[in-house]
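Trainee: Sharing target39.pdb, PDB, C-alpha atoms:
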ATOM      1  CA  MET X   4     -24.420  19.145 -11.960
ATOM      2  CA  ASP X   5     -23.235  15.584 -12.586
ATOM      3  CA  HIS X   6     -23.902  13.626  -9.383
ATOM      4  CA  THR X   7     -22.321  10.431 -10.737
ATOM      5  CA  ALA X   8     -18.877  11.952 -10.207
ATOM      6  CA  HIS X   9     -19.312  11.438  -6.459
ATOM      7  CA  GLU X  10     -20.491   7.840  -6.574
ATOM      8  CA  PRO X  11     -18.012   4.961  -6.296
ATOM      9  CA  GLU X  12     -16.999   3.454  -9.622
ATOM     10  CA  LYS X  13     -19.253   0.449 -10.144
ATOM     11  CA  HIS X  14     -18.113  -2.692 -11.918
ATOM     12  CA  PRO X  15     -20.093  -5.862 -12.466
ATOM     13  CA  HIS X  16     -18.736  -8.550 -10.150
ATOM     14  CA  GLY X  17     -15.197  -9.405 -11.254
ATOM     15  CA  ALA X  18     -15.211  -6.924 -14.146
ATOM     16  CA  ALA X  19     -12.438  -4.590 -12.953
ATOM     17  CA  SER X  20      -9.659  -4.364 -15.517
ATOM     18  CA  TRP X  21      -6.170  -5.628 -14.837
ATOM     19  CA  GLY X  22      -4.889  -2.160 -15.785
ATOM     20  CA  THR X  23      -6.966  -0.554 -13.038
ATOM     21  CA  ALA X  24      -5.769  -3.170 -10.542
ATOM     22  CA  VAL X  25      -2.127  -2.665 -11.552
ATOM     23  CA  LYS X  26      -2.437   1.119 -11.153
ATOM     24  CA  ALA X  27      -4.066   0.750  -7.729
ATOM     25  CA  THR X  28      -1.395  -1.713  -6.624
ATOM     26  CA  LEU X  29       1.450   0.485  -7.887
ATOM     27  CA  HIS X  30      -0.085   3.426  -6.017
ATOM     28  CA  CYS X  31      -0.204   1.349  -2.848
ATOM     29  CA  LEU X  32       3.257  -0.131  -3.421
ATOM     30  CA  THR X  33       4.803   3.315  -3.816
ATOM     31  CA  GLY X  34       3.599   4.507  -0.428
ATOM     32  CA  CYS X  35       4.408   1.194   1.240
ATOM     33  CA  ALA X  36       7.894   1.054  -0.261
ATOM     34  CA  ILE X  37       8.775   4.598   0.782
ATOM     35  CA  GLY X  38       7.601   3.966   4.333
ATOM     36  CA  GLU X  39       9.105   0.530   4.661
ATOM     37  CA  ILE X  40      12.478   1.467   3.190
ATOM     38  CA  LEU X  41      12.623   4.558   5.395
ATOM     39  CA  GLY X  42      11.786   2.458   8.474
ATOM     40  CA  MET X  43      14.343  -0.209   7.605
ATOM     41  CA  VAL X  44      17.029   2.399   6.927
ATOM     42  CA  ILE X  45      16.306   4.234  10.191
ATOM     43  CA  GLY X  46      16.157   1.094  12.329
ATOM     44  CA  THR X  47      19.181  -0.540  10.701
ATOM     45  CA  SER X  48      21.340   2.588  10.789
ATOM     46  CA  LEU X  49      20.492   3.118  14.479
ATOM     47  CA  GLY X  50      21.426  -0.477  15.235
ATOM     48  CA  TRP X  51      17.945  -1.415  16.435
ATOM     49  CA  ALA X  52      16.967  -5.041  16.848
ATOM     50  CA  ASN X  53      14.882  -6.734  14.152
ATOM     51  CA  VAL X  54      11.464  -6.445  15.816
ATOM     52  CA  PRO X  55      11.517  -2.682  16.540
ATOM     53  CA  THR X  56      12.945  -2.041  13.067
ATOM     54  CA  MET X  57      10.166  -4.046  11.400
ATOM     55  CA  VAL X  58       7.496  -2.410  13.579
ATOM     56  CA  LEU X  59       8.784   1.024  12.532
ATOM     57  CA  ALA X  60       8.985  -0.021   8.865
ATOM     58  CA  ILE X  61       5.463  -1.471   8.842
ATOM     59  CA  GLY X  62       4.057   1.550  10.682
ATOM     60  CA  LEU X  63       5.662   3.927   8.189
ATOM     61  CA  ALA X  64       4.466   1.774   5.277
ATOM     62  CA  PHE X  65       0.872   2.191   6.470
ATOM     63  CA  LEU X  66       1.403   5.906   7.161
ATOM     64  CA  PHE X  67       2.838   6.646   3.718
ATOM     65  CA  GLY X  68       0.405   4.278   1.975
ATOM     66  CA  TYR X  69      -2.593   6.000   3.545
ATOM     67  CA  SER X  70      -1.141   9.487   3.085
ATOM     68  CA  PHE X  71      -0.838   9.103  -0.703
ATOM     69  CA  THR X  72      -4.569   8.453  -0.943
ATOM     70  CA  LEU X  73      -5.418  10.975   1.761
ATOM     71  CA  PHE X  74      -3.682  13.848  -0.016
ATOM     72  CA  ALA X  75      -5.234  12.897  -3.366
ATOM     73  CA  VAL X  76      -8.788  12.991  -2.023
ATOM     74  CA  LEU X  77      -8.138  16.137   0.039
ATOM     75  CA  ARG X  78      -7.089  17.871  -3.204
ATOM     76  CA  ALA X  79     -10.483  16.835  -4.606
ATOM     77  CA  GLY X  80     -12.122  18.967  -1.917
ATOM     78  CA  LEU X  81     -13.210  16.417   0.686
ATOM     79  CA  SER X  82     -13.114  17.164   4.392
ATOM     80  CA  LEU X  83     -10.292  15.631   6.423
ATOM     81  CA  LYS X  84     -12.722  13.238   8.145
ATOM     82  CA  ALA X  85     -14.171  12.047   4.824
ATOM     83  CA  ALA X  86     -10.696  11.775   3.293
ATOM     84  CA  ILE X  87      -9.467   9.620   6.199
ATOM     85  CA  ARG X  88     -12.478   7.309   5.861
ATOM     86  CA  ILE X  89     -11.836   6.911   2.133
ATOM     87  CA  ALA X  90      -8.105   6.281   2.618
ATOM     88  CA  LEU X  91      -8.824   3.626   5.246
ATOM     89  CA  ALA X  92     -11.469   1.975   3.053
ATOM     90  CA  ALA X  93      -9.324   2.139  -0.068
ATOM     91  CA  ASP X  94      -5.976   0.998   1.265
ATOM     92  CA  THR X  95      -6.265  -1.134   4.397
ATOM     93  CA  VAL X  96      -6.609  -4.530   2.711
ATOM     94  CA  SER X  97      -4.086  -3.706  -0.006
ATOM     95  CA  ILE X  98      -1.435  -2.423   2.419
ATOM     96  CA  THR X  99      -2.042  -5.309   4.820
ATOM     97  CA  VAL X 100      -1.606  -7.958   2.115
ATOM     98  CA  MET X 101       1.436  -6.169   0.742
ATOM     99  CA  GLU X 102       3.075  -5.871   4.162
ATOM    100  CA  LEU X 103       2.320  -9.463   5.160
ATOM    101  CA  VAL X 104       3.821 -10.843   1.967
ATOM    102  CA  ASP X 105       6.815  -8.504   1.845
ATOM    103  CA  ASN X 106       7.762  -8.969   5.485
ATOM    104  CA  ALA X 107       7.266 -12.737   5.326
ATOM    105  CA  ILE X 108       9.712 -12.898   2.433
ATOM    106  CA  ILE X 109      12.242 -10.782   4.299
ATOM    107  CA  ALA X 110      11.824 -12.889   7.448
ATOM    108  CA  LEU X 111      12.124 -16.171   5.516
ATOM    109  CA  THR X 112      15.179 -15.134   3.473
ATOM    110  CA  PRO X 113      18.180 -16.605   5.294
ATOM    111  CA  GLY X 114      20.360 -13.822   6.712
ATOM    112  CA  ALA X 115      18.162 -10.952   5.464
ATOM    113  CA  MET X 116      17.056  -9.916   8.940
ATOM    114  CA  ASP X 117      20.666  -9.503  10.029
ATOM    115  CA  ALA X 118      21.926  -7.878   6.831
ATOM    116  CA  HIS X 119      23.151  -4.291   6.870
ATOM    117  CA  LEU X 120      22.295  -1.418   4.544
ATOM    118  CA  SER X 121      25.527  -1.997   2.627
ATOM    119  CA  ASP X 122      24.696  -5.677   1.985
ATOM    120  CA  GLY X 123      23.200  -6.733  -1.316
ATOM    121  CA  LEU X 124      21.153  -9.308   0.595
ATOM    122  CA  PHE X 125      19.358  -6.522   2.490
ATOM    123  CA  TRP X 126      18.268  -4.798  -0.713
ATOM    124  CA  SER X 127      17.553  -7.943  -2.739
ATOM    125  CA  ALA X 128      15.313  -9.376   0.009
ATOM    126  CA  LEU X 129      13.503  -6.057   0.436
ATOM    127  CA  LEU X 130      13.006  -5.383  -3.282
ATOM    128  CA  GLY X 131      12.261  -9.035  -4.039
ATOM    129  CA  GLY X 132       9.639  -8.950  -1.305
ATOM    130  CA  PHE X 133       8.048  -5.908  -2.920
ATOM    131  CA  ALA X 134       7.962  -7.652  -6.302
ATOM    132  CA  VAL X 135       6.256 -10.758  -4.909
ATOM    133  CA  ALA X 136       3.891  -8.608  -2.822
ATOM    134  CA  PHE X 137       2.928  -6.705  -5.990
ATOM    135  CA  LEU X 138       2.156  -9.961  -7.815
ATOM    136  CA  ILE X 139      -0.019 -11.230  -4.966
ATOM    137  CA  THR X 140      -1.724  -7.908  -4.146
ATOM    138  CA  THR X 141      -2.727  -7.035  -7.735
ATOM    139  CA  PRO X 142      -5.356  -9.816  -8.016
ATOM    140  CA  VAL X 143      -6.635  -8.886  -4.544
ATOM    141  CA  ASN X 144      -7.092  -5.293  -5.689
ATOM    142  CA  LYS X 145      -8.744  -6.440  -8.938
ATOM    143  CA  TRP X 146     -11.221  -8.527  -6.954
ATOM    144  CA  MET X 147     -11.971  -5.658  -4.535
ATOM    145  CA  ILE X 148     -12.339  -3.001  -7.239
ATOM    146  CA  GLY X 149     -14.664  -5.335  -9.159
ATOM    147  CA  ARG X 150     -16.916  -5.341  -6.101
ATOM    148  CA  GLY X 151     -16.857  -1.565  -5.631
ATOM    149  CA  LYS X 152     -14.361  -1.764  -2.740
ATOM    150  CA  GLY X 153     -10.748  -0.737  -2.232
ATOM    151  CA  HIS X 154      -9.505   1.794  -4.748
ATOM    152  CA  ALA X 155     -12.921   1.900  -6.422
ATOM    153  CA  VAL X 156     -14.002   4.307  -3.659
ATOM    154  CA  VAL X 157     -11.090   6.620  -4.516
ATOM    155  CA  HIS X 158     -11.904   6.807  -8.233
ATOM    156  CA  ALA X 159     -15.102   8.666  -7.437
ATOM    157  CA  HIS X 160     -13.011  11.559  -6.125
ATOM    158  CA  HIS X 161     -10.390  11.908  -8.884
TER     159      HIS X 161
END
Show me this structure written as structure tokens.
Mentor:
Amino acid sequence: MDHTAHEPEKHPHGAASWGTAVKATLHCLTGCAIGEILGMVIGTSLGWANVPTMVLAIGLAFLFGYSFTLFAVLRAGLSLKAAIRIALAADTVSITVMELVDNAIIALTPGAMDAHLSDGLFWSALLGGFAVAFLITTPVNKWMIGRGKGHAVVHAHH
């Protein structure tokens, strides 16, 4: 039996490829975007104030971001407890950076916080925030993977 399949992918310091970092960031961005868009749509359509809407959106971004990894490692046969630990280890920094950047851009875009779902400003601020968050989070993920952290711990279970 090959025991190396269960060890985290090891890279010499800083040697993670940009391709691996891009894939990890896209994986994270997908979960974050689904959760955040869902939260923004729910909060905005219910007429909630900005703070509760953003809290819901950020909470759902973390939930969906973690769940993508969680389900992937559960399919690999890990226990729920082990899968949760891996999802937390793999995604916490990535999701946090992504959410900080994305929500800062939304908050700093004049009028975006008061825009409605039918406004182009709502969608351009949200999607523009995701694009900038992707550009900032990718090098963070590359650095973490190169040190055996972040999504490197997930690769051992694919």
Trainee: Choose the residue, out of X:Ala36, X:Ala90, X:Leu49, X:Ala118, that has the smallest atom-to-atom separation from Phe133 (chain X); count all atoms listed in the file.
Mentor: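 The closest residue to Phe133 (chain X) is X:Ala36.
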Trainee: So what does the PyMOL selection byres ((chain X and resi 77) around 12) actually pick up in this one, as a PDB file with C-alpha atoms, keeping the file's coordinate frame?
Mentor:
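In the end it all went to selection02.pdb:
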ATOM      1  CA  SER X  70      -1.141   9.487   3.085  1.00  0.00           C
ATOM      2  CA  PHE X  71      -0.838   9.103  -0.703  1.00  0.00           C
ATOM      3  CA  THR X  72      -4.569   8.453  -0.943  1.00  0.00           C
ATOM      4  CA  LEU X  73      -5.418  10.975   1.761  1.00  0.00           C
ATOM      5  CA  PHE X  74      -3.682  13.848  -0.016  1.00  0.00           C
ATOM      6  CA  ALA X  75      -5.234  12.897  -3.366  1.00  0.00           C
ATOM      7  CA  VAL X  76      -8.788  12.991  -2.023  1.00  0.00           C
ATOM      8  CA  ARG X  78      -7.089  17.871  -3.204  1.00  0.00           C
ATOM      9  CA  ALA X  79     -10.483  16.835  -4.606  1.00  0.00           C
ATOM     10  CA  GLY X  80     -12.122  18.967  -1.917  1.00  0.00           C
ATOM     11  CA  LEU X  81     -13.210  16.417   0.686  1.00  0.00           C
ATOM     12  CA  SER X  82     -13.114  17.164   4.392  1.00  0.00           C
ATOM     13  CA  LEU X  83     -10.292  15.631   6.423  1.00  0.00           C
ATOM     14  CA  LYS X  84     -12.722  13.238   8.145  1.00  0.00           C
ATOM     15  CA  ALA X  85     -14.171  12.047   4.824  1.00  0.00           C
ATOM     16  CA  ALA X  86     -10.696  11.775   3.293  1.00  0.00           C
ATOM     17  CA  ILE X  87      -9.467   9.620   6.199  1.00  0.00           C
ATOM     18  CA  ARG X  88     -12.478   7.309   5.861  1.00  0.00           C
ATOM     19  CA  ILE X  89     -11.836   6.911   2.133  1.00  0.00           C
ATOM     20  CA  ALA X  90      -8.105   6.281   2.618  1.00  0.00           C
ATOM     21  CA  VAL X 157     -11.090   6.620  -4.516  1.00  0.00           C
ATOM     22  CA  HIS X 160     -13.011  11.559  -6.125  1.00  0.00           C
ATOM     23  CA  HIS X 161     -10.390  11.908  -8.884  1.00  0.00           C
TER      24      HIS X 161
END
Trainee: Residues at most 9 Å from Ile40 (chain X), counting all atoms listed in the file, excluding those fewer than 5 positions away in the same chain, as a CSV table (one decimal) with C-alpha atoms, in the coordinates of the input?
Mentor:
chain,number,residue,atom,x,y,z
X,35,CYS,CA,4.4,1.2,1.2
X,45,ILE,CA,16.3,4.2,10.2
X,60,ALA,CA,9.0,0.0,8.9
X,63,LEU,CA,5.7,3.9,8.2
X,64,ALA,CA,4.5,1.8,5.3
X,129,LEU,CA,13.5,-6.1,0.4
Trainee: Please enclose the listed atoms of region 70-81 of chain X in an axis-aligned box, pad each side by 8 Å, and write out the centre and the three edge lengths in Å, rounded to one decimal, as JSON.
Mentor:
{"center_x": -7.0, "center_y": 13.7, "center_z": -0.8, "size_x": 28.4, "size_y": 26.5, "size_z": 23.7}
Trainee: Set the distance at 9 Å and use only C-alpha atoms: which residues neighbour Gly153 (chain X) once local chain neighbours fewer than 3 positions away are removed? I'd like the list as a list in words.
Mentor: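 In the requested format, the answer is Ala27, Ile89, Ala90, Leu91, Ala92, Ala93, Asp94, Thr95, Val96, Ser97, Asn144, Met147, Ile148, Arg150, Val156 and Val157 of chain X.
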Trainee: Quick one, how far is CA of Leu66 (chain X) from CA of His119 (chain X)?
Mentor: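 Atom-to-atom, CA of Leu66 (chain X) and CA of His119 (chain X) are spaced 24.0 Å apart.
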Trainee: Which residue out of X:Ser121, X:Asn53, X:Thr28, X:Ser127 has the minimum interatomic distance to Met101 (chain X) when all atoms listed in the file are used?
Mentor: X:Thr28
